[in-house]
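Structure data follow from run00.txt (compact mmCIF, C-alpha atoms):
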# COMPACT_ATOMS: atom_id res chain seq x y z
CA MET A 10 -3.98 30.28 56.73
CA ARG A 11 -4.54 26.97 58.50
CA THR A 12 -7.99 26.46 60.02
CA VAL A 13 -10.06 23.54 61.24
CA ARG A 14 -12.32 23.62 58.18
CA ARG A 15 -10.65 20.62 56.54
CA ARG A 16 -10.97 18.53 59.69
CA ARG A 17 -13.78 16.05 60.25
CA SER A 18 -13.78 16.68 63.99
CA LEU A 19 -11.87 18.21 66.90
CA GLN A 20 -10.89 16.17 69.92
CA PRO A 21 -11.11 17.57 73.48
CA GLY A 22 -8.03 19.68 74.11
CA GLU A 23 -7.42 20.34 70.41
CA GLY A 24 -7.87 23.71 68.75
CA MET A 25 -6.48 26.41 66.51
CA VAL A 26 -5.19 29.85 67.49
CA LEU A 27 -5.74 32.58 64.89
CA ARG A 28 -3.80 35.81 65.35
CA PRO A 29 -4.37 38.57 64.62
CA ALA A 30 -8.10 37.99 64.25
CA TRP A 31 -11.37 39.40 65.52
CA ASN A 32 -13.91 37.54 63.40
CA VAL A 33 -14.31 34.01 62.02
CA HIS A 34 -16.73 32.05 59.88
CA THR A 35 -17.60 28.37 59.86
CA ALA A 36 -18.34 28.03 56.16
CA PHE A 37 -17.47 24.57 54.82
CA MET A 38 -17.04 23.16 58.33
CA ARG A 39 -18.63 19.80 59.09
CA PHE A 40 -19.17 20.23 62.81
CA PRO A 41 -19.86 22.95 65.42
CA ILE A 42 -17.03 24.57 67.38
CA ASP A 43 -16.49 26.81 70.39
CA VAL A 44 -15.01 30.18 69.45
CA VAL A 45 -13.06 32.15 72.08
CA PHE A 46 -12.13 35.80 71.51
CA LEU A 47 -9.13 37.18 73.43
CA ASP A 48 -7.84 40.70 73.88
CA ALA A 49 -4.18 41.78 73.84
CA ASP A 50 -3.74 40.62 77.46
CA GLN A 51 -5.05 37.10 76.75
CA VAL A 52 -8.30 37.84 78.58
CA VAL A 53 -11.47 36.23 77.25
CA VAL A 54 -13.80 38.95 75.96
CA ARG A 55 -16.41 36.76 74.30
CA ILE A 56 -17.28 33.09 73.84
CA ALA A 57 -19.46 31.81 71.01
CA ALA A 58 -20.28 28.31 72.20
CA GLU A 59 -21.16 25.48 69.81
CA LEU A 60 -21.20 27.69 66.74
CA PRO A 61 -22.73 25.61 63.91
CA PRO A 62 -21.43 25.45 60.32
CA TRP A 63 -22.14 28.32 57.94
CA ARG A 64 -22.16 31.05 60.57
CA THR A 65 -20.06 34.16 61.18
CA VAL A 66 -19.17 35.74 64.50
CA SER A 67 -17.03 38.72 65.47
CA CYS A 68 -15.93 40.66 68.53
CA ARG A 69 -14.80 44.26 68.49
CA GLY A 70 -11.56 44.71 70.43
CA ALA A 71 -10.43 41.10 70.12
CA ARG A 72 -6.84 40.46 69.05
CA GLU A 73 -6.95 36.72 68.49
CA VAL A 74 -9.41 33.86 68.18
CA VAL A 75 -9.21 30.30 69.46
CA GLU A 76 -11.31 27.60 67.81
CA LEU A 77 -12.04 24.65 70.12
CA ALA A 78 -14.13 21.51 70.05
CA ALA A 79 -17.81 22.20 70.72
CA GLY A 80 -18.51 22.08 74.45
CA GLU A 81 -14.86 22.49 75.42
CA CYS A 82 -15.43 25.88 77.09
CA ALA A 83 -18.23 24.51 79.24
CA ARG A 84 -16.19 21.42 80.08
CA ARG A 85 -13.24 23.56 81.18
CA GLY A 86 -15.35 26.19 82.92
CA LEU A 87 -13.98 28.91 80.66
CA GLU A 88 -15.83 32.23 80.96
CA ALA A 89 -15.54 35.83 79.79
CA GLY A 90 -13.04 37.65 81.98
CA ASP A 91 -10.77 34.63 82.43
CA ARG A 92 -7.13 35.05 81.52
CA VAL A 93 -5.74 32.19 79.49
CA ALA A 94 -2.67 30.95 77.66
CA TRP A 95 -2.34 28.46 74.85
CA ALA A 96 0.44 25.99 74.07
CA SER A 97 0.50 26.68 70.35
CA ARG A 98 3.50 24.68 69.17
CA SER A 99 3.16 21.31 67.53
CA ALA A 100 4.06 18.05 69.23
CA ALA A 101 7.02 17.70 66.87
CA GLU A 102 8.32 21.13 67.87
CA LEU A 103 7.90 20.33 71.55
CA ARG A 104 9.85 17.08 71.12
CA ALA A 105 12.63 18.94 69.32
CA ASP A 106 12.95 21.33 72.26
CA ARG A 107 12.96 18.62 74.90
CA LYS A 108 15.56 16.08 75.98
CA THR A 109 12.86 13.81 77.43
CA PRO A 110 9.81 12.36 75.66
CA LEU A 111 6.33 13.78 76.13
CA LEU A 112 4.33 11.99 78.78
CA ASP A 113 1.60 10.98 76.36
CA ASP A 114 4.08 9.19 74.08
CA ASN A 115 3.32 6.08 76.13
CA PRO A 116 -0.44 5.70 76.58
CA GLU A 117 0.09 2.85 79.04
CA GLU A 118 1.61 5.13 81.66
CA PRO A 119 -0.76 6.11 84.49
CA ARG A 120 -1.91 9.70 84.65
CA ALA A 121 0.16 11.89 86.95
CA ARG A 122 -1.31 14.14 89.61
CA VAL A 123 -0.41 17.80 90.07
CA LEU A 124 -1.29 19.82 93.15
CA VAL A 125 -1.96 23.50 92.43
CA ALA A 126 -1.43 25.52 95.61
CA SER A 127 -2.92 28.97 95.11
CA SER A 128 -5.34 31.35 96.78
CA ASP A 129 -6.05 33.03 93.42
CA ALA A 130 -9.10 31.45 91.78
CA ARG A 131 -8.06 32.86 88.39
CA PHE A 132 -4.69 31.14 88.50
CA VAL A 133 -6.25 27.89 89.71
CA LYS A 134 -8.68 27.92 86.78
CA LEU A 135 -5.89 28.68 84.31
CA ALA A 136 -3.63 25.97 85.74
CA ARG A 137 -6.43 23.40 85.75
CA PHE A 138 -7.29 24.25 82.14
CA LEU A 139 -3.70 23.86 80.97
CA LEU A 140 -2.77 20.81 83.04
CA SER A 141 -5.94 18.83 82.36
CA GLY A 142 -5.37 19.58 78.69
CA ARG A 143 -2.12 17.61 79.07
CA ASP A 144 -4.06 14.65 80.51
CA LEU A 145 -2.90 15.37 84.06
CA GLU A 146 -5.08 15.09 87.14
CA VAL A 147 -5.28 18.31 89.14
CA ASP A 148 -5.83 18.78 92.87
CA GLU A 149 -6.26 22.18 94.50
CA LEU A 150 -4.98 23.71 97.73
CA THR A 151 -6.44 27.15 98.35
CA SER A 152 -4.15 27.87 101.33
CA PRO A 153 -0.58 27.60 100.01
CA ASP A 154 0.90 28.23 103.46
CA ARG A 155 -0.50 24.82 104.52
CA LEU A 156 1.54 23.02 101.88
CA PRO A 157 4.42 21.93 104.18
CA ASP A 158 1.94 20.27 106.55
CA LEU A 159 0.10 18.43 103.77
CA VAL A 160 2.80 17.19 101.40
CA GLY A 161 3.34 14.07 103.45
CA GLU A 162 -0.36 13.21 103.34
CA THR A 163 -1.23 13.85 99.70
CA ASP A 164 -0.41 11.49 96.84
CA VAL A 165 0.73 13.91 94.14
CA ASP A 166 3.67 13.87 91.76
CA VAL A 167 4.37 17.60 91.35
CA VAL A 168 3.31 20.76 93.16
CA VAL A 169 2.67 24.07 91.39
CA LEU A 170 3.02 26.77 94.04
CA ASP A 171 1.57 30.19 93.24
CA GLY A 172 3.52 32.92 94.98
CA ALA A 173 1.50 35.78 93.45
CA ASN A 174 3.41 38.95 94.37
CA LYS A 175 5.17 37.38 97.38
CA VAL A 176 8.04 35.44 95.85
CA ALA A 177 10.05 35.31 99.08
CA ASP A 178 7.12 33.73 100.94
CA ALA A 179 6.69 31.18 98.15
CA LEU A 180 10.38 30.24 98.32
CA ARG A 181 10.15 29.70 102.08
CA THR A 182 7.01 27.58 101.67
CA ALA A 183 8.65 25.52 98.92
CA ASN A 184 11.77 24.93 101.03
CA ALA A 185 9.65 23.85 103.99
CA ALA A 186 7.69 21.44 101.77
CA ARG A 187 10.90 19.98 100.34
CA ALA A 188 12.22 19.47 103.87
CA ARG A 189 9.17 17.33 104.62
CA ARG A 190 9.23 15.45 101.30
CA PRO A 191 12.57 15.91 99.51
CA GLN A 192 11.65 13.89 96.41
CA LEU A 193 8.56 15.97 95.58
CA PRO A 194 9.23 18.58 92.86
CA VAL A 195 7.82 22.05 93.58
CA VAL A 196 7.38 24.40 90.63
CA ILE A 197 6.97 28.05 91.62
CA ALA A 198 4.96 30.62 89.67
CA ALA A 199 4.59 34.26 90.65
CA ASP A 200 4.27 37.80 89.37
CA THR A 201 7.93 38.07 88.45
CA GLY A 202 7.78 40.52 85.57
CA GLY A 203 10.08 38.13 83.71
CA ARG A 204 12.82 38.26 86.37
CA SER A 205 13.55 35.26 88.58
CA PRO A 206 15.52 35.53 91.83
CA ALA A 207 19.20 34.68 91.45
CA GLY A 208 19.78 30.94 91.39
CA VAL A 209 16.08 30.02 91.49
CA ARG A 210 13.71 29.39 88.58
CA VAL A 211 10.39 31.13 89.17
CA PHE A 212 7.96 31.23 86.26
CA ASP A 213 5.87 34.28 85.51
CA ARG A 214 2.43 32.89 86.25
CA TRP A 215 0.71 34.70 83.37
CA ASN A 216 3.39 35.01 80.69
CA GLU A 217 5.49 31.83 81.05
CA THR A 218 2.80 29.18 81.28
CA GLU A 219 4.11 27.13 78.37
CA GLU A 220 7.61 27.10 79.83
CA MET A 221 6.12 26.04 83.16
CA LEU A 222 4.20 23.19 81.51
CA LEU A 223 7.32 21.93 79.79
CA ASP A 224 9.20 21.98 83.09
CA ILE A 225 6.40 20.01 84.76
CA GLU A 226 6.50 17.42 81.98
CA ARG A 227 10.29 17.18 82.32
CA LEU A 228 10.02 16.60 86.07
CA LEU A 229 7.31 13.98 85.64
CA ALA A 230 9.27 12.21 82.92
CA GLU A 231 12.32 12.10 85.20
CA GLN A 232 10.22 10.54 87.94
CA LEU A 233 8.90 7.88 85.59
CA THR A 234 12.41 6.94 84.45
CA ALA A 235 14.21 7.29 87.80
CA PRO A 236 15.36 4.04 89.44
CA ILE A 237 13.49 3.03 92.58
CA PRO A 238 15.88 2.98 95.56
CA ILE A 239 16.16 -0.35 97.36
CA GLY A 240 17.27 -0.38 100.97
CA GLY A 241 19.28 2.36 102.60
CA THR A 242 22.84 3.57 102.79
CA GLU A 243 25.25 2.99 105.58
Translate this structure into structure tokens?
Amino acid sequence: MRTVRRRRSLQPGEGMVLRPAWNVHTAFMRFPIDVVFLDADQVVVRIAAELPPWRTVSCRGAREVVELAAGECARRGLEAGDRVAWASRSAAELRADRKTPLLDDNPEEPRARVLVASSDARFVKLARFLLSGRDLEVDELTSPDRLPDLVGETDVDVVVLDGANKVADALRTANAARARRPQLPVVIAADTGGRSPAGVRVFDRWNETEEMLLDIERLLAEQLTAPIPIGGTE
């Protein structure tokens, strides 16, 4: 089984998901790590922060363990009770699945900004954790219904709109925002149960986070490569 024990360090945003697992040890490690225990619903049940080498830790009821760089949980604001998701595929696998390059392939590109419009603090925390892990700046809007009035005033590249259990309302809000700023991509997440409305892609906000991240990266990559229009049309 692959672990971080052969590594000399972990960078912020890096980690290892171990499943199934409910206990770990840090024997032979050269540095401390944060250990996150998750239950079957991807809810954090325990965090062992900055666990030093040559220690063991366990959590009854955990189904998987995530090993992160020491201090990463504090930096991300991760706490017991938070629901999380992890992009566990390698960069090579992600590139194989994509028709556009990953944003971080070119370190000279400026960081993009994503606006997360959600009244659910849990979803905001999850989205911020995942997006900032992709080196994206994150802004928050806690009143999604105000999005159409603000899209013309905010300098963001993509909007993530949380519809919660009101998909129809989210679609109306997204359409109103696009009417104000047609070039701004709006990605919708909601409690879909894995079923999107006909003709519209709506991501399940808890179970399709990786697919949502890939779609955001695709949209941002398209913006970076799109030609800039000059002048108007007659």
Counting all atoms listed in the file, figure out which residue out of A:Ala71, A:Val54, A:Leu77, A:Val125 gets nearest to A:Leu150.
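Among the listed residues, the smallest separation from A:Leu150 belongs to A:Val125.
The nearest approach to A:Arg190 among the residues A:Leu139, A:Met38, A:Val133, A:Val167, with all atoms listed in the file taken into account, belongs to A:Val167.
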If we count all atoms listed in the file and set the cut-off at 12 Å, which residues sit around A:Gly202, ignoring sequence neighbours fewer than 3 positions away in its own chain? Please answer as a list in words.
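Selected residues are Ala173, Asn174, Val176, Ala198, Ala199, Ser205, Pro206, Val211, Phe212, Asp213, Arg214, Trp215, Asn216 and Glu217 of chain A.
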Do a neighbour search on A:Glu146 at 9 Å with all atoms listed in the file, toss out local chain neighbours closer than 4 positions, and write the hits as a VMD selection string.
chain A and resid 120 to 124 137 140 to 141
Excluding A:Ala79 and its own-chain neighbours fewer than 3 positions away, which residues fall within 6 Å of it when counting all atoms listed in the file? Please give them as a PyMOL selection string.
chain A and resi 41-43+59
Selected residue of minimal separation from A:Arg55 among A:Arg92, A:Arg39, A:Arg85, A:His34, counting all atoms listed in the file:
A:Arg92
Atom-to-atom span, atom CA of A:Gly208 and atom CA of A:Val160, Å:
24.0 Å
Can you measure atom CA of A:Val33 to atom CA of A:Arg64 for me? One decimal in Å is fine.
8.5 Å
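Put simply, atom CA of A:Val44 is 10.5 Å away from atom CA of A:Pro61.
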Given the point (-13.5, 41.1, 61.1) in the coordinates of this file, which residues lie within 10 Å, counting only C-alpha atoms, and how would they look as JSON, numbers by chain?
{"A": [30, 31, 32, 33, 34, 65, 66, 67, 68, 69, 71]}
When you look at A:Ala183 with a cut-off of 8 Å (counting only C-alpha atoms), what residues show up, excluding the ones that are within fewer than 5 positions of it in the same chain? I need them as a list in words.
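These residues fall inside the cut-off: Pro157, Leu170, Val195 and Ile197 of chain A.
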Between A:Gly86, A:Ser128, A:Glu231, A:Leu145, which has the minimum distance to A:Val165 (counting all atoms listed in the file)?
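Looking only at the distances to A:Val165, the closest residue turns out to be A:Leu145.
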Give the answer as one residue: which of A:Leu193, A:Ala78, A:Ile56, A:Ile225 has the shortest atom-to-atom distance to A:Arg143, using all atoms listed in the file?
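Checking each of A:Leu193, A:Ala78, A:Ile56, A:Ile225 against A:Arg143, counting all atoms listed in the file, the winner is A:Ile225.
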